[in-house]
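Here is the file run_34.txt (compact mmCIF, N, CA, C and O atoms and all ligand atoms).
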# COMPACT_ATOMS: atom_id res chain seq x y z
N MET A 1 2.82 -5.14 27.50
CA MET A 1 2.39 -6.26 26.67
C MET A 1 3.60 -7.13 26.31
O MET A 1 4.63 -6.63 25.89
N THR A 2 3.48 -8.37 26.49
CA THR A 2 4.59 -9.25 26.16
C THR A 2 4.13 -10.30 25.14
O THR A 2 4.47 -11.45 25.22
N ASP A 3 3.33 -9.85 24.23
CA ASP A 3 2.84 -10.77 23.21
C ASP A 3 3.65 -10.59 21.94
O ASP A 3 3.26 -9.88 21.04
N ARG A 4 4.79 -11.21 21.90
CA ARG A 4 5.63 -11.04 20.71
C ARG A 4 5.85 -12.37 20.02
O ARG A 4 6.94 -12.75 19.73
N ASN A 5 4.78 -13.05 19.81
CA ASN A 5 4.90 -14.34 19.15
C ASN A 5 4.38 -14.27 17.73
O ASN A 5 3.78 -15.20 17.22
N VAL A 6 4.62 -13.15 17.12
CA VAL A 6 4.12 -12.98 15.77
C VAL A 6 5.19 -13.43 14.77
O VAL A 6 6.29 -12.91 14.77
N PRO A 7 4.87 -14.39 13.99
CA PRO A 7 5.83 -14.89 12.99
C PRO A 7 6.08 -13.88 11.89
O PRO A 7 5.19 -13.12 11.51
N LEU A 8 7.29 -13.87 11.41
CA LEU A 8 7.64 -12.91 10.36
C LEU A 8 7.22 -13.48 9.01
O LEU A 8 7.96 -14.19 8.36
N ARG A 9 6.05 -13.16 8.62
CA ARG A 9 5.55 -13.67 7.35
C ARG A 9 4.87 -12.57 6.58
O ARG A 9 4.42 -11.58 7.15
N ALA A 10 4.82 -12.78 5.32
CA ALA A 10 4.14 -11.80 4.49
C ALA A 10 2.63 -11.95 4.67
O ALA A 10 1.98 -12.71 3.98
N VAL A 11 2.15 -11.21 5.64
CA VAL A 11 0.72 -11.33 5.93
C VAL A 11 -0.02 -10.11 5.41
O VAL A 11 0.48 -8.99 5.48
N ARG A 12 -1.15 -10.38 4.90
CA ARG A 12 -1.95 -9.26 4.42
C ARG A 12 -2.37 -8.39 5.58
O ARG A 12 -2.80 -8.88 6.61
N ILE A 13 -2.22 -7.11 5.40
CA ILE A 13 -2.61 -6.21 6.48
C ILE A 13 -4.11 -6.02 6.47
O ILE A 13 -4.66 -5.33 5.62
N GLU A 14 -4.74 -6.68 7.40
CA GLU A 14 -6.18 -6.53 7.47
C GLU A 14 -6.58 -5.88 8.78
O GLU A 14 -5.95 -6.11 9.81
N PRO A 15 -7.60 -5.07 8.71
CA PRO A 15 -8.05 -4.36 9.92
C PRO A 15 -8.57 -5.34 10.94
O PRO A 15 -9.22 -6.32 10.62
N LYS A 16 -8.26 -5.03 12.17
CA LYS A 16 -8.74 -5.90 13.24
C LYS A 16 -9.73 -5.16 14.11
O LYS A 16 -9.60 -3.97 14.34
N CYS A 17 -10.68 -5.91 14.57
CA CYS A 17 -11.70 -5.33 15.42
C CYS A 17 -11.06 -4.78 16.69
O CYS A 17 -10.45 -5.52 17.44
N PRO A 18 -11.17 -3.48 16.91
CA PRO A 18 -10.57 -2.86 18.09
C PRO A 18 -11.24 -3.31 19.38
O PRO A 18 -10.72 -3.09 20.47
N THR A 19 -12.39 -3.92 19.25
CA THR A 19 -13.10 -4.34 20.45
C THR A 19 -12.63 -5.71 20.93
O THR A 19 -12.30 -5.90 22.08
N CYS A 20 -12.58 -6.66 20.00
CA CYS A 20 -12.22 -8.02 20.41
C CYS A 20 -10.96 -8.51 19.72
O CYS A 20 -10.38 -9.50 20.15
N GLY A 21 -10.53 -7.81 18.66
CA GLY A 21 -9.28 -8.19 18.02
C GLY A 21 -9.46 -9.18 16.89
O GLY A 21 -8.50 -9.62 16.27
N LYS A 22 -10.69 -9.52 16.59
CA LYS A 22 -10.92 -10.46 15.49
C LYS A 22 -10.85 -9.71 14.17
O LYS A 22 -11.00 -8.50 14.13
N PRO A 23 -10.62 -10.46 13.11
CA PRO A 23 -10.59 -9.83 11.78
C PRO A 23 -11.88 -9.07 11.51
O PRO A 23 -12.98 -9.57 11.75
N ALA A 24 -11.70 -7.85 11.05
CA ALA A 24 -12.87 -7.00 10.84
C ALA A 24 -13.67 -7.46 9.63
O ALA A 24 -13.15 -8.06 8.70
N ASP A 25 -14.93 -7.16 9.70
CA ASP A 25 -15.81 -7.50 8.60
C ASP A 25 -16.06 -6.24 7.79
O ASP A 25 -16.34 -5.19 8.35
N PRO A 26 -15.94 -6.37 6.46
CA PRO A 26 -16.14 -5.19 5.61
C PRO A 26 -17.48 -4.51 5.87
O PRO A 26 -17.65 -3.31 5.64
N LYS A 27 -18.40 -5.31 6.36
CA LYS A 27 -19.73 -4.74 6.59
C LYS A 27 -19.75 -3.83 7.80
O LYS A 27 -20.52 -2.88 7.88
N TYR A 28 -18.90 -4.15 8.76
CA TYR A 28 -18.91 -3.38 10.01
C TYR A 28 -17.56 -2.78 10.31
O TYR A 28 -17.18 -2.62 11.46
N LYS A 29 -16.81 -2.53 9.26
CA LYS A 29 -15.47 -1.98 9.47
C LYS A 29 -15.49 -0.78 10.41
O LYS A 29 -16.39 0.02 10.34
N PRO A 30 -14.46 -0.64 11.25
CA PRO A 30 -13.34 -1.59 11.40
C PRO A 30 -13.65 -2.69 12.40
O PRO A 30 -12.74 -3.31 12.92
N PHE A 31 -14.90 -2.92 12.65
CA PHE A 31 -15.27 -3.93 13.64
C PHE A 31 -15.62 -5.24 12.94
O PHE A 31 -15.77 -5.29 11.73
N CYS A 32 -15.74 -6.29 13.74
CA CYS A 32 -16.02 -7.59 13.15
C CYS A 32 -17.52 -7.83 13.09
O CYS A 32 -18.01 -8.63 12.32
N ARG A 33 -18.22 -7.14 13.90
CA ARG A 33 -19.68 -7.27 13.87
C ARG A 33 -20.31 -6.05 14.53
O ARG A 33 -19.65 -5.25 15.18
N LYS A 34 -21.60 -5.97 14.37
CA LYS A 34 -22.29 -4.77 14.86
C LYS A 34 -22.17 -4.65 16.37
O LYS A 34 -22.03 -3.58 16.91
N ARG A 35 -22.22 -5.77 17.04
CA ARG A 35 -22.16 -5.75 18.49
C ARG A 35 -20.88 -5.05 18.96
O ARG A 35 -20.89 -4.23 19.88
N CYS A 36 -19.78 -5.41 18.33
CA CYS A 36 -18.50 -4.82 18.72
C CYS A 36 -18.51 -3.32 18.45
O CYS A 36 -17.98 -2.54 19.22
N ALA A 37 -19.12 -2.93 17.35
CA ALA A 37 -19.20 -1.51 17.03
C ALA A 37 -20.00 -0.78 18.11
O ALA A 37 -19.65 0.31 18.55
N ASP A 38 -21.07 -1.43 18.53
CA ASP A 38 -21.90 -0.81 19.56
C ASP A 38 -21.14 -0.69 20.87
O ASP A 38 -21.23 0.31 21.58
N ILE A 39 -20.39 -1.73 21.17
CA ILE A 39 -19.63 -1.71 22.42
C ILE A 39 -18.64 -0.57 22.41
O ILE A 39 -18.50 0.17 23.37
N ASP A 40 -17.93 -0.45 21.29
CA ASP A 40 -16.93 0.60 21.19
C ASP A 40 -17.58 1.97 21.30
O ASP A 40 -17.12 2.85 22.01
N LEU A 41 -18.66 2.11 20.60
CA LEU A 41 -19.36 3.39 20.64
C LEU A 41 -19.85 3.68 22.05
O LEU A 41 -19.76 4.80 22.54
N GLY A 42 -20.33 2.64 22.70
CA GLY A 42 -20.83 2.81 24.05
C GLY A 42 -19.75 3.32 24.99
O GLY A 42 -19.99 4.15 25.85
N ARG A 43 -18.55 2.80 24.78
CA ARG A 43 -17.45 3.26 25.62
C ARG A 43 -17.21 4.74 25.44
O ARG A 43 -16.99 5.47 26.38
N TRP A 44 -17.25 5.11 24.19
CA TRP A 44 -17.04 6.53 23.89
C TRP A 44 -18.06 7.38 24.64
O TRP A 44 -17.73 8.38 25.27
N LEU A 45 -19.28 6.96 24.52
CA LEU A 45 -20.34 7.76 25.12
C LEU A 45 -20.25 7.74 26.64
O LEU A 45 -20.68 8.66 27.31
N LYS A 46 -19.74 6.66 27.15
CA LYS A 46 -19.68 6.54 28.61
C LYS A 46 -18.81 7.62 29.22
O LYS A 46 -19.29 8.53 29.85
N GLU A 47 -17.53 7.49 29.04
CA GLU A 47 -16.68 8.55 29.58
C GLU A 47 -15.27 8.49 29.00
O GLU A 47 -14.42 7.79 29.51
N GLY A 48 -15.10 9.27 27.96
CA GLY A 48 -13.76 9.49 27.44
C GLY A 48 -13.02 8.28 26.94
O GLY A 48 -11.81 8.28 26.90
N TYR A 49 -13.70 7.26 26.53
CA TYR A 49 -13.06 6.12 25.91
C TYR A 49 -11.83 5.67 26.70
O TYR A 49 -10.70 5.94 26.33
N ARG A 50 -12.07 5.01 27.77
CA ARG A 50 -10.96 4.53 28.60
C ARG A 50 -10.39 3.24 28.02
O ARG A 50 -11.14 2.32 27.72
N ILE A 51 -9.11 3.20 27.95
CA ILE A 51 -8.48 1.99 27.44
C ILE A 51 -8.12 1.07 28.61
O ILE A 51 -7.39 1.44 29.50
N GLU A 52 -8.69 -0.11 28.53
CA GLU A 52 -8.44 -1.05 29.61
C GLU A 52 -7.06 -1.66 29.46
O GLU A 52 -6.68 -2.10 28.39
N THR A 53 -6.34 -1.70 30.53
CA THR A 53 -5.00 -2.28 30.47
C THR A 53 -4.79 -3.24 31.63
O THR A 53 -5.37 -3.09 32.69
N ASP A 54 -3.98 -4.19 31.37
CA ASP A 54 -3.75 -5.22 32.38
C ASP A 54 -2.91 -4.69 33.53
O ASP A 54 -3.23 -4.83 34.70
N GLU A 55 -1.81 -4.08 33.15
CA GLU A 55 -0.92 -3.60 34.19
C GLU A 55 -1.37 -2.25 34.72
O GLU A 55 -1.89 -1.41 34.00
N VAL A 56 -1.12 -2.07 36.00
CA VAL A 56 -1.53 -0.82 36.63
C VAL A 56 -0.34 0.12 36.72
O VAL A 56 0.72 -0.25 37.19
N PRO A 57 -0.51 1.29 36.21
CA PRO A 57 0.56 2.28 36.29
C PRO A 57 0.84 2.70 37.73
O PRO A 57 0.01 2.54 38.61
N GLY A 58 2.01 3.26 37.96
CA GLY A 58 2.39 3.64 39.32
C GLY A 58 1.66 4.87 39.79
O GLY A 58 1.93 5.41 40.86
N GLU A 59 0.74 5.29 38.97
CA GLU A 59 0.02 6.50 39.35
C GLU A 59 -1.27 6.13 40.05
O GLU A 59 -2.16 5.52 39.48
N ASP A 60 -1.36 6.49 41.26
CA ASP A 60 -2.56 6.17 42.01
C ASP A 60 -3.47 7.38 42.07
O ASP A 60 -3.13 8.41 42.62
N ASP A 61 -4.60 7.20 41.47
CA ASP A 61 -5.51 8.33 41.45
C ASP A 61 -6.31 8.38 42.74
O ASP A 61 -7.22 7.61 42.97
N ALA A 62 -5.94 9.30 43.59
CA ALA A 62 -6.64 9.42 44.86
C ALA A 62 -7.90 10.26 44.68
O ALA A 62 -7.88 11.33 44.11
N GLU A 63 -8.94 9.73 45.21
CA GLU A 63 -10.20 10.46 45.08
C GLU A 63 -10.25 11.59 46.09
O GLU A 63 -9.65 11.55 47.15
N ASN A 64 -10.99 12.57 45.71
CA ASN A 64 -11.12 13.72 46.61
C ASN A 64 -12.05 13.38 47.77
O ASN A 64 -13.26 13.43 47.65
N ARG A 65 -11.42 13.04 48.85
CA ARG A 65 -12.24 12.68 49.99
C ARG A 65 -12.29 13.84 50.97
O ARG A 65 -11.30 14.51 51.22
N GLY A 66 -13.42 14.01 51.55
CA GLY A 66 -13.54 15.06 52.56
C GLY A 66 -13.02 14.55 53.88
O GLY A 66 -13.69 14.59 54.89
N ASP A 67 -11.80 14.04 53.83
CA ASP A 67 -11.23 13.41 55.01
C ASP A 67 -10.17 14.33 55.61
O ASP A 67 -9.08 14.45 55.13
N GLY A 68 -10.51 14.99 56.67
CA GLY A 68 -9.52 15.89 57.26
C GLY A 68 -10.06 16.56 58.49
O GLY A 68 -11.27 16.51 58.78
N PRO A 69 -9.15 17.17 59.22
CA PRO A 69 -9.54 17.87 60.46
C PRO A 69 -10.42 19.08 60.16
O PRO A 69 -11.33 19.40 60.91
N SER A 70 -10.13 19.75 59.08
CA SER A 70 -10.92 20.94 58.76
C SER A 70 -11.98 20.59 57.73
O SER A 70 -11.76 20.67 56.54
N GLY A 71 -13.11 20.18 58.25
CA GLY A 71 -14.18 19.79 57.34
C GLY A 71 -14.86 21.00 56.74
O GLY A 71 -15.30 21.90 57.44
N GLN A 72 -14.91 20.97 55.45
CA GLN A 72 -15.54 22.12 54.80
C GLN A 72 -17.01 21.84 54.58
O GLN A 72 -17.38 20.82 54.03
N ARG A 73 -17.79 22.77 54.99
CA ARG A 73 -19.22 22.57 54.78
C ARG A 73 -19.71 23.51 53.70
O ARG A 73 -19.43 24.69 53.70
N GLY A 74 -20.42 22.92 52.79
CA GLY A 74 -20.84 23.74 51.67
C GLY A 74 -22.27 24.09 51.87
O GLY A 74 -23.02 24.36 51.06
ZN ZN B 1 -15.19 -7.69 17.36

I need this file expressed as structure tokens, please.
Amino acid sequence: MTDRNVPLRAVRIEPKCPTCGKPADPKYKPFCRKRCADIDLGRWLKEGYRIETDEVPGEDDAENRGDGPSGQRG
């Protein structure tokens, strides 16, 4: 992340919506609205709450392919 354009000011520490980053609403804390809360929850339920990132790590996850001379038959 190269977003370092935050001015040094005495800013009130307010919770931000983890889904979209907007100021959270006390009604739907820590989210800004119900939709965002649902989205976040949905991610959790989907599979292990994956964090989306822009840059791709050098780790390439190779899928288990049955690609080889010795084909295993189950
Ligand atoms: Zn939001």

What does the structure give for the distance between CA of Cys17 (chain A) and CA of Ile39 (chain A), in Å to one decimal? 11.2 Å

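Here atom C of Asp38 (chain A) and atom C of Arg4 (chain A) stand 29.4 Å from one another.
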
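Atom C of Pro30 (chain A) to atom C of Pro18 (chain A) spans 7.4 Å [interatomic distance, one decimal].
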
Compute the set of protein, DNA and RNA residues whose minimum atom distance to ligand ZN 1 (chain B) is at most 8 Å, using all atoms listed in the file, and state it as a ChimeraX atom specification. /A:16-25,30-37
